[in-house]
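Here the structure is laid out as structure tokens; the discussion comes afterwards.
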Amino acid sequence: HAMGGRETKRAGNEREILPVEGNPNRDIWKMCAWNMCEDPHASADERAVMGALCGHLPSLLPLCTTWEDQLWAYTRVSVDIAVEQQIRQVSLKTYHPLDDNYWSNLRTMEKIVKEIARKDDQFKPNRTLQELLILDKCEELISVCTSWLEDQKEALEPQFLRYLCHLVLVL
């Protein structure tokens, strides 16, 4: 491990050190990318691309016009932070510290869904189903579907009703 490689076990007791994968200067690259995201002279598109690559949420959000875009951006950044935490925990290398704002963007899926919720979405059945599936709340999803079927204030579209049946069968 002295060279920073991964150790793997082969047949018998023989061990082999695998080479380091990825960018050995990832911390410096990430700091430079982060600084580019905060550069007001860079275009919004350039900042968003770099933001997606380095976990800079504020540069992504201005271009996220839909709920799905926002869900992707928040999730992408949270995954980036979780990966960075793991790399720093298991690596022998000492990395340059990242901006405190980088670490503050780590969110659970529950927090992400809550943060991007829109008031007008509460009456969108597909959005409700997506959120409940993302949060692995299958029992609540079935309960919501049941209430929609029992309520019948608004007739459900036949295609949506068919979709609900398939979804419940799969769960």
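For the structure tokens, the naming scheme is as follows: chains receive sequential letters (A, B, ...) according to their order of presentation, residues are indexed from 1 within each chain, and ligands are indexed from 1 in presentation order.
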Problem - Expected answer as a ChimeraX atom specification: helix (DSSP H, G or I) residues in stretch 27-87 of chain A - result: /A:27-37,44-54,57-63,67-87
Go ahead and save the picked residues with N, CA and C atoms, as a compact mmCIF listing (two decimals), in the first residue's frame.
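Okay, this is what ended up in part.txt:
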# COMPACT_ATOMS: atom_id res chain seq x y z
N ASP A 27 -7.77 16.32 -6.28
CA ASP A 27 -8.09 17.40 -5.34
C ASP A 27 -7.76 18.76 -5.94
N ILE A 28 -6.63 18.85 -6.62
CA ILE A 28 -6.24 20.12 -7.25
C ILE A 28 -7.19 20.41 -8.41
N TRP A 29 -7.50 19.37 -9.22
CA TRP A 29 -8.44 19.55 -10.32
C TRP A 29 -9.79 20.03 -9.80
N LYS A 30 -10.26 19.41 -8.72
CA LYS A 30 -11.57 19.76 -8.17
C LYS A 30 -11.58 21.20 -7.66
N MET A 31 -10.48 21.62 -7.02
CA MET A 31 -10.41 23.01 -6.54
C MET A 31 -10.44 23.99 -7.72
N CYS A 32 -9.71 23.68 -8.79
CA CYS A 32 -9.70 24.55 -9.97
C CYS A 32 -11.08 24.59 -10.63
N ALA A 33 -11.72 23.44 -10.74
CA ALA A 33 -13.06 23.38 -11.33
C ALA A 33 -14.05 24.17 -10.47
N TRP A 34 -13.93 24.03 -9.15
CA TRP A 34 -14.80 24.76 -8.22
C TRP A 34 -14.63 26.27 -8.42
N ASN A 35 -13.37 26.71 -8.54
CA ASN A 35 -13.10 28.14 -8.75
C ASN A 35 -13.67 28.62 -10.07
N MET A 36 -13.61 27.79 -11.10
CA MET A 36 -14.20 28.17 -12.39
C MET A 36 -15.71 28.33 -12.26
N CYS A 37 -16.34 27.49 -11.47
CA CYS A 37 -17.79 27.58 -11.26
C CYS A 37 -18.17 28.89 -10.59
N ALA A 44 -22.67 30.69 -18.15
CA ALA A 44 -23.50 29.85 -17.28
C ALA A 44 -23.40 28.38 -17.70
N ASP A 45 -23.31 28.13 -19.01
CA ASP A 45 -23.19 26.76 -19.50
C ASP A 45 -21.87 26.13 -19.07
N GLU A 46 -20.78 26.87 -19.19
CA GLU A 46 -19.47 26.35 -18.77
C GLU A 46 -19.45 26.08 -17.26
N ARG A 47 -20.02 27.00 -16.51
CA ARG A 47 -20.06 26.80 -15.05
C ARG A 47 -20.90 25.57 -14.70
N ALA A 48 -22.00 25.37 -15.42
CA ALA A 48 -22.87 24.22 -15.13
C ALA A 48 -22.16 22.90 -15.47
N VAL A 49 -21.46 22.86 -16.59
CA VAL A 49 -20.73 21.64 -16.96
C VAL A 49 -19.68 21.33 -15.90
N MET A 50 -18.91 22.32 -15.52
CA MET A 50 -17.89 22.10 -14.49
C MET A 50 -18.54 21.77 -13.15
N GLY A 51 -19.66 22.40 -12.87
CA GLY A 51 -20.38 22.13 -11.63
C GLY A 51 -20.85 20.69 -11.55
N ALA A 52 -21.29 20.14 -12.68
CA ALA A 52 -21.72 18.74 -12.71
C ALA A 52 -20.54 17.81 -12.47
N LEU A 53 -19.36 18.21 -12.93
CA LEU A 53 -18.18 17.36 -12.78
C LEU A 53 -17.52 17.47 -11.41
N CYS A 54 -17.69 18.62 -10.75
CA CYS A 54 -16.97 18.81 -9.48
C CYS A 54 -17.88 18.94 -8.27
N LEU A 57 -23.16 22.72 -6.78
CA LEU A 57 -24.61 22.83 -6.98
C LEU A 57 -25.07 24.21 -7.44
N PRO A 58 -24.57 25.31 -6.85
CA PRO A 58 -25.08 26.63 -7.27
C PRO A 58 -24.90 26.93 -8.75
N SER A 59 -23.90 26.34 -9.40
CA SER A 59 -23.71 26.59 -10.83
C SER A 59 -24.65 25.73 -11.68
N LEU A 60 -25.17 24.66 -11.11
CA LEU A 60 -26.10 23.80 -11.85
C LEU A 60 -27.53 24.31 -11.81
N LEU A 61 -27.94 24.78 -10.64
CA LEU A 61 -29.36 25.10 -10.43
C LEU A 61 -29.96 26.13 -11.39
N PRO A 62 -29.23 27.18 -11.80
CA PRO A 62 -29.85 28.14 -12.72
C PRO A 62 -30.31 27.52 -14.04
N LEU A 63 -29.70 26.43 -14.45
CA LEU A 63 -30.09 25.79 -15.70
C LEU A 63 -31.09 24.65 -15.50
N TRP A 67 -38.43 19.82 -12.40
CA TRP A 67 -38.25 19.04 -11.18
C TRP A 67 -37.22 17.94 -11.43
N GLU A 68 -37.29 17.31 -12.59
CA GLU A 68 -36.37 16.24 -12.93
C GLU A 68 -34.93 16.75 -13.02
N ASP A 69 -34.76 17.93 -13.62
CA ASP A 69 -33.42 18.53 -13.69
C ASP A 69 -32.87 18.78 -12.29
N GLN A 70 -33.70 19.34 -11.43
CA GLN A 70 -33.25 19.63 -10.07
C GLN A 70 -32.94 18.35 -9.31
N LEU A 71 -33.78 17.34 -9.47
CA LEU A 71 -33.53 16.05 -8.82
C LEU A 71 -32.17 15.51 -9.25
N TRP A 72 -31.90 15.55 -10.55
CA TRP A 72 -30.62 15.07 -11.06
C TRP A 72 -29.47 15.88 -10.47
N ALA A 73 -29.57 17.20 -10.46
CA ALA A 73 -28.48 18.06 -9.98
C ALA A 73 -28.18 17.79 -8.51
N TYR A 74 -29.20 17.80 -7.67
CA TYR A 74 -28.99 17.56 -6.24
C TYR A 74 -28.42 16.16 -6.00
N THR A 75 -28.94 15.18 -6.71
CA THR A 75 -28.47 13.81 -6.54
C THR A 75 -27.04 13.67 -7.04
N ARG A 76 -26.74 14.26 -8.18
CA ARG A 76 -25.39 14.20 -8.75
C ARG A 76 -24.37 14.79 -7.78
N VAL A 77 -24.69 15.92 -7.19
CA VAL A 77 -23.78 16.58 -6.25
C VAL A 77 -23.62 15.74 -4.98
N SER A 78 -24.71 15.20 -4.47
CA SER A 78 -24.63 14.39 -3.26
C SER A 78 -23.80 13.12 -3.49
N VAL A 79 -23.95 12.51 -4.65
CA VAL A 79 -23.14 11.33 -4.98
C VAL A 79 -21.67 11.72 -5.08
N ASP A 80 -21.39 12.85 -5.70
CA ASP A 80 -20.01 13.34 -5.82
C ASP A 80 -19.38 13.51 -4.44
N ILE A 81 -20.12 14.11 -3.53
CA ILE A 81 -19.60 14.35 -2.18
C ILE A 81 -19.39 13.03 -1.44
N ALA A 82 -20.33 12.11 -1.57
CA ALA A 82 -20.20 10.81 -0.90
C ALA A 82 -18.98 10.05 -1.43
N VAL A 83 -18.74 10.10 -2.74
CA VAL A 83 -17.57 9.45 -3.33
C VAL A 83 -16.30 10.12 -2.81
N GLU A 84 -16.30 11.44 -2.78
CA GLU A 84 -15.13 12.18 -2.29
C GLU A 84 -14.82 11.82 -0.84
N GLN A 85 -15.86 11.71 -0.02
CA GLN A 85 -15.66 11.32 1.38
C GLN A 85 -15.01 9.94 1.46
N GLN A 86 -15.50 8.99 0.68
CA GLN A 86 -14.95 7.64 0.69
C GLN A 86 -13.49 7.62 0.24
N ILE A 87 -13.20 8.34 -0.82
CA ILE A 87 -11.82 8.38 -1.33
C ILE A 87 -10.89 8.94 -0.26
Exercise for the section: Would you return as a list in words the members of chain A that DSSP assigns to strand (DSSP E or B) on this structure's backbone? Expected result: Arg6, Glu7, Thr8, Lys9, Arg15, Glu16, Ile17 and Leu18 of chain A
Exercise for the section: Mind giving me the straight-line distance from atom CA of A:Arg26 to atom CA of A:His96 in Å, one decimal? Expected result: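 Atom CA of A:Arg26 sits 9.5 Å away from atom CA of A:His96.
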Problem - Residue nearest A:Tyr95 - candidates A:Gln152, A:Lys114, A:Gln130, A:Pro24, atoms counted: only C-alpha atoms - result: A:Pro24
Handout entry: Residues near A:Tyr163, cut-off 12 Å, only C-alpha atoms, skip fewer than 5 positions along chain, as a ChimeraX atom specification
Key = /A:125-126,129,145,156-158,168-170
Atoms kept (N, CA and C atoms) for selection, written as a CSV table (one decimal), in the first residue's frame:
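What landed in result-v6.csv:
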chain,number,residue,atom,x,y,z
A,125,PRO,N,-50.0,13.2,-9.9
A,125,PRO,CA,-49.9,11.8,-9.4
A,125,PRO,C,-48.5,11.2,-9.8
A,126,ASN,N,-48.1,11.5,-11.0
A,126,ASN,CA,-46.8,10.9,-11.4
A,126,ASN,C,-45.6,11.3,-10.5
A,129,LEU,N,-45.8,9.5,-7.2
A,129,LEU,CA,-45.3,8.1,-7.4
A,129,LEU,C,-43.8,8.1,-7.5
A,145,CYS,N,-52.2,5.1,-3.9
A,145,CYS,CA,-53.0,4.6,-5.0
A,145,CYS,C,-54.4,4.2,-4.6
A,156,LEU,N,-59.8,8.8,-13.2
A,156,LEU,CA,-58.4,8.6,-13.6
A,156,LEU,C,-58.4,8.2,-15.0
A,157,GLU,N,-57.4,8.7,-15.7
A,157,GLU,CA,-57.3,8.3,-17.1
A,157,GLU,C,-57.0,6.8,-17.3
A,158,PRO,N,-57.6,6.2,-18.2
A,158,PRO,CA,-57.4,4.7,-18.4
A,158,PRO,C,-56.0,4.3,-18.5
A,168,VAL,N,-48.3,-1.5,-9.0
A,168,VAL,CA,-48.7,-2.2,-7.8
A,168,VAL,C,-48.4,-3.7,-7.9
A,169,LEU,N,-48.6,-4.3,-9.1
A,169,LEU,CA,-48.2,-5.7,-9.3
A,169,LEU,C,-46.7,-5.9,-9.2
A,170,VAL,N,-45.9,-5.0,-9.7
A,170,VAL,CA,-44.5,-5.2,-9.6
A,170,VAL,C,-44.0,-5.0,-8.2
Completion exercise
In Å and to one decimal, atom CA of A:Thr66 is distant from atom CA of A:Ile116 by 9.7 Å
Problem - Shell of 10 Å around stretch 133-141 of chain A, only C-alpha atoms, local chain residues under 5 positions omitted, as a list in words - result: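 Contacts, with the query itself left out: Thr108, Met109, Glu110, Val113, Arg127, Thr128, Thr146, Ser147, Leu167, Val168 and Leu171 of chain A.
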So that I have them on file, write out the residues from the current selection with N, CA and C atoms, as an mmCIF file, in the first residue's frame.
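Saved result, again_29.cif, follows:
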data_model
loop_
_atom_site.group_PDB
_atom_site.id
_atom_site.type_symbol
_atom_site.label_atom_id
_atom_site.label_comp_id
_atom_site.auth_asym_id
_atom_site.auth_seq_id
_atom_site.Cartn_x
_atom_site.Cartn_y
_atom_site.Cartn_z
ATOM 1 N N THR A 108 -29.495 13.826 1.970
ATOM 2 C CA THR A 108 -30.136 12.522 1.802
ATOM 3 C C THR A 108 -31.198 12.668 0.710
ATOM 4 N N MET A 109 -31.685 11.550 0.205
ATOM 5 C CA MET A 109 -32.748 11.612 -0.802
ATOM 6 C C MET A 109 -33.997 12.269 -0.224
ATOM 7 N N GLU A 110 -34.277 12.014 1.052
ATOM 8 C CA GLU A 110 -35.443 12.640 1.693
ATOM 9 C C GLU A 110 -35.318 14.161 1.652
ATOM 10 N N VAL A 113 -35.724 15.471 -2.042
ATOM 11 C CA VAL A 113 -37.124 15.482 -2.489
ATOM 12 C C VAL A 113 -37.884 16.613 -1.812
ATOM 13 N N ARG A 127 -45.653 12.598 -10.147
ATOM 14 C CA ARG A 127 -44.612 13.139 -9.268
ATOM 15 C C ARG A 127 -44.677 12.477 -7.901
ATOM 16 N N THR A 128 -45.878 12.295 -7.399
ATOM 17 C CA THR A 128 -46.051 11.629 -6.100
ATOM 18 C C THR A 128 -45.500 10.212 -6.159
ATOM 19 N N THR A 146 -54.494 3.509 -3.501
ATOM 20 C CA THR A 146 -55.812 3.076 -3.020
ATOM 21 C C THR A 146 -56.718 4.276 -2.793
ATOM 22 N N SER A 147 -56.180 5.315 -2.179
ATOM 23 C CA SER A 147 -57.007 6.503 -1.915
ATOM 24 C C SER A 147 -57.441 7.173 -3.215
ATOM 25 N N LEU A 167 -47.751 -1.051 -11.738
ATOM 26 C CA LEU A 167 -46.834 -0.638 -10.675
ATOM 27 C C LEU A 167 -47.096 -1.414 -9.394
ATOM 28 N N VAL A 168 -48.348 -1.518 -9.016
ATOM 29 C CA VAL A 168 -48.707 -2.237 -7.787
ATOM 30 C C VAL A 168 -48.368 -3.722 -7.920
ATOM 31 N N LEU A 171 -44.655 -4.156 -7.392
ATOM 32 C CA LEU A 171 -44.227 -3.951 -6.000
ATOM 33 C C LEU A 171 -44.597 -5.153 -5.170
#
Exercise for the section: Kindly give the distance, in Å, that separates atom CA of A:Arg15 and atom CA of A:Gln89, rounded to a single decimal. Expected result: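 According to the coordinates, atom CA of A:Arg15 and atom CA of A:Gln89 are separated by 22.7 Å.
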